[in-house]
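Novice: One structure, as structure tokens, below. Some questions next.
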Amino acid sequence: MNKPVMQISDRVKNIPEALSIYMNNIVYKMQREGIRITILSLGEAYFDIPFYGFEDLDINKGYHYSESLGLPELRERISAYYDRRYGAPVDSSRELLVSAGSKPLLFMALQSVLNEGDEVLLHEPAWLSYSTQVRLAGGEPRFIPCDCPVKDFPHYINEKTRVLILNNPNNPAGRVYSRQDLELLYREFRSRGVYLLVDEAYSDFIHGETFPSMVRLVPDKDGVIVVNSLSKNLGISGWRVGYAIAAPEIIYNILKLNQHLITCAPTLLLMYLAEHFDQLLEHTLPQAEAVTERRNAIENYARSIGLKTLGGSSTFYMFVHIGNYAHSSLSLAMYLLFRYHISVVPGSAYGESTERYIRIGVGAESDSSVCRAINIIQKVIATQEYEEKLITECLEKYDIKRFEDDTRIRMS
């Protein structure tokens, strides 16, 4: 008897893997075999974080569900932080929701405002999950090239445009959109009924400047949705805690989705963060600034040996141009990983206009390790090193399916 083929949904079947996570999963496999990898592909910074213990918390309470909006005490801490750091008012009971990471909150925000066929504008380099989340929410992503000036973004608006997503500060380039940039965009986009969805997940990774949070610029949150990440800013990425700030109507609609999809973020972790919020900030804010300062020094070094970057002054990433290298950014990344045990993220993950870049993160390695790796990257690019046979053999060895390099472009 012939069995019928079991269905996989077209919507999910046709989306790519997250390329940064694909690269890091290879890293984990190689590490399990005892191979030392210089990890420049991770999207996190390693902080020295004290552990205060759970003894002062009500563990029995932590075993159970908490409010789907997020633990009230933690929402109050976040609200006070925005007031103190940015002079930005946030009503913790109506304008703020805490959930299990900023990724699902971005998706729930898109689900809350998009109808089938609506379009979402993304400025490249655009964090790699934005376009996939837009498609999963029934929308269509449209891309603004990386070299387009902010003043020209409104030229991309049409009758189907519903959202502009900005990552500020930007992953992967480290760019900060200025207050003037954001005010211009808000005027132009709000007047045409287009939301500004601003992902501020790296808001603490700023050096020598004041971060222009959208919450400060639009106090009533009209037409604005801000998503942020305690996981990222506090250096606790494994805890998966993020939050959204928006007008009450938007928060209510995100809340409904959160109730159906997640219920609540882990109660015990929220209790811990509420209890030690200010203590954690006291330790992590200086480290976030320090890693950003390191990033800028390392970018200067990369430029000094002939590598070009897209520019930027924040986060712990830099975006390095691969020049006239004869192969794709994905091929370069795979070769660096398998030949030299250096992991980077291909620029193709972040847009068609940024295929000729690679993302380098400085948050997980020492300065000396990063600079040694950059020297090797410069040499590989300059000498056109490449071995397709090596890549094929290593993919087979680690039982890894080859990533479809043109997936994102075919789906655009």
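By convention in this document, the chains of the structure tokens carry letters A, B, ... by their order, each chain's residues are numbered from 1, and ligands are numbered from 1 in the order they are shown.
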Hey, what's within 12 Å of Asn324 (chain A) if we count only C-alpha atoms and toss same-chain stuff fewer than 5 positions away? As a PyMOL selection string, please?
Specialist: chain A and resi 307-308+329+332+355-357+378+380-384
Novice: Could you find all residues in region 208-323 of chain A that DSSP calls strand (DSSP E or B) from the backbone, and write them as a VMD selection string?
Specialist: chain A and resid 224 to 229 242 to 246 309 317 to 321
Novice: Quick one: write out the picked residues with N, CA and C atoms as a JSON list (two decimals), in the first residue's frame?
Specialist:
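Contents of again17.json, freshly written:
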[["chain", "number", "residue", "atom", "x", "y", "z"],
["A", 224, "VAL", "N", 3.71, 54.24, 16.92],
["A", 224, "VAL", "CA", 5.05, 53.75, 17.23],
["A", 224, "VAL", "C", 4.96, 52.48, 18.07],
["A", 225, "ILE", "N", 5.77, 51.49, 17.72],
["A", 225, "ILE", "CA", 5.93, 50.29, 18.53],
["A", 225, "ILE", "C", 7.42, 50.10, 18.78],
["A", 226, "VAL", "N", 7.81, 50.00, 20.04],
["A", 226, "VAL", "CA", 9.21, 49.78, 20.39],
["A", 226, "VAL", "C", 9.35, 48.41, 21.03],
["A", 227, "VAL", "N", 10.32, 47.64, 20.55],
["A", 227, "VAL", "CA", 10.63, 46.33, 21.14],
["A", 227, "VAL", "C", 12.06, 46.38, 21.66],
["A", 228, "ASN", "N", 12.26, 45.81, 22.83],
["A", 228, "ASN", "CA", 13.61, 45.83, 23.42],
["A", 228, "ASN", "C", 13.87, 44.50, 24.11],
["A", 229, "SER", "N", 15.12, 44.31, 24.54],
["A", 229, "SER", "CA", 15.56, 43.00, 25.04],
["A", 229, "SER", "C", 16.38, 43.15, 26.30],
["A", 242, "GLY", "N", 12.21, 39.76, 26.89],
["A", 242, "GLY", "CA", 12.12, 41.00, 26.14],
["A", 242, "GLY", "C", 10.84, 41.73, 26.48],
["A", 243, "TYR", "N", 10.66, 42.91, 25.90],
["A", 243, "TYR", "CA", 9.46, 43.67, 26.20],
["A", 243, "TYR", "C", 9.10, 44.58, 25.03],
["A", 244, "ALA", "N", 7.81, 44.93, 24.99],
["A", 244, "ALA", "CA", 7.29, 45.84, 23.97],
["A", 244, "ALA", "C", 6.67, 47.04, 24.66],
["A", 245, "ILE", "N", 6.85, 48.22, 24.05],
["A", 245, "ILE", "CA", 6.26, 49.46, 24.52],
["A", 245, "ILE", "C", 5.45, 50.05, 23.37],
["A", 246, "ALA", "N", 4.20, 50.37, 23.62],
["A", 246, "ALA", "CA", 3.34, 50.91, 22.57],
["A", 246, "ALA", "C", 2.10, 51.51, 23.22],
["A", 309, "THR", "N", 34.65, 49.04, 6.03],
["A", 309, "THR", "CA", 33.45, 48.68, 6.79],
["A", 309, "THR", "C", 32.31, 49.61, 6.40],
["A", 317, "TYR", "N", 29.08, 44.74, 16.98],
["A", 317, "TYR", "CA", 29.26, 44.22, 15.63],
["A", 317, "TYR", "C", 29.95, 45.24, 14.74],
["A", 318, "MET", "N", 30.62, 44.74, 13.71],
["A", 318, "MET", "CA", 31.03, 45.60, 12.60],
["A", 318, "MET", "C", 30.79, 44.81, 11.32],
["A", 319, "PHE", "N", 30.56, 45.55, 10.24],
["A", 319, "PHE", "CA", 30.19, 44.97, 8.97],
["A", 319, "PHE", "C", 31.33, 45.23, 8.00],
["A", 320, "VAL", "N", 32.05, 44.17, 7.62],
["A", 320, "VAL", "CA", 33.29, 44.29, 6.85],
["A", 320, "VAL", "C", 33.04, 43.92, 5.39],
["A", 321, "HIS", "N", 33.49, 44.78, 4.50],
["A", 321, "HIS", "CA", 33.34, 44.56, 3.06],
["A", 321, "HIS", "C", 34.37, 43.54, 2.58]]
Novice: Write out as a PyMOL selection string which residues come within 10 Å of Asp58 (chain A) when counting only C-alpha atoms, dropping same-chain ones fewer than 3 positions away.
Specialist: chain A and resi 54-55+61-63+268+271-272
Novice: Would you return as an MDAnalysis selection string the members of region 163-359 of chain A that DSSP assigns to helix (DSSP H, G or I) on this structure's backbone?
Specialist: chainID A and resid 179:190 214:217 230:233 237:239 248:261 267:304 329:340 347:350 352:354
Novice: Applying 10 Å and only C-alpha atoms, which residues near Leu255 (chain A) remain after dropping the ones on its own chain fewer than 5 positions away? List them as a list in words.
Specialist: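 Neighbouring residues, sequence-local ones excluded: Ser68, Leu69, Gly70, Leu96, Leu97, Val98, Ser99, Leu105, Met108, Ala109, Ser112, Glu249, Ile250, His260, Leu261, Ile262, Thr263 and Cys264 of chain A.
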Novice: Identify, on the basis of only C-alpha atoms, every residue whose closest approach to region 160-171 of chain A does not exceed 9 Å; exclude the query and any residue fewer than 3 positions from it along the same chain; express the result as number ranges by chain.
Specialist: A: 43, 110, 113-114, 117-123, 125-127, 130, 156-157, 174-177, 189, 192-203, 205-206, 211-213, 312-318, 350, 359
Novice: So, counting only C-alpha atoms, which residue among A:Ile15, A:Phe403, A:Gln111, A:Ile322 is closest to Asn253 (chain A)?
Specialist: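 For Asn253 (chain A), the nearest of the candidates is A:Gln111.
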Novice: Have a look at A:Gly101, A:Ala45, A:Arg36, A:Leu234 and name the one nearest to His276 (chain A); count only C-alpha atoms.
Specialist: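 Closest candidate: A:Leu234.
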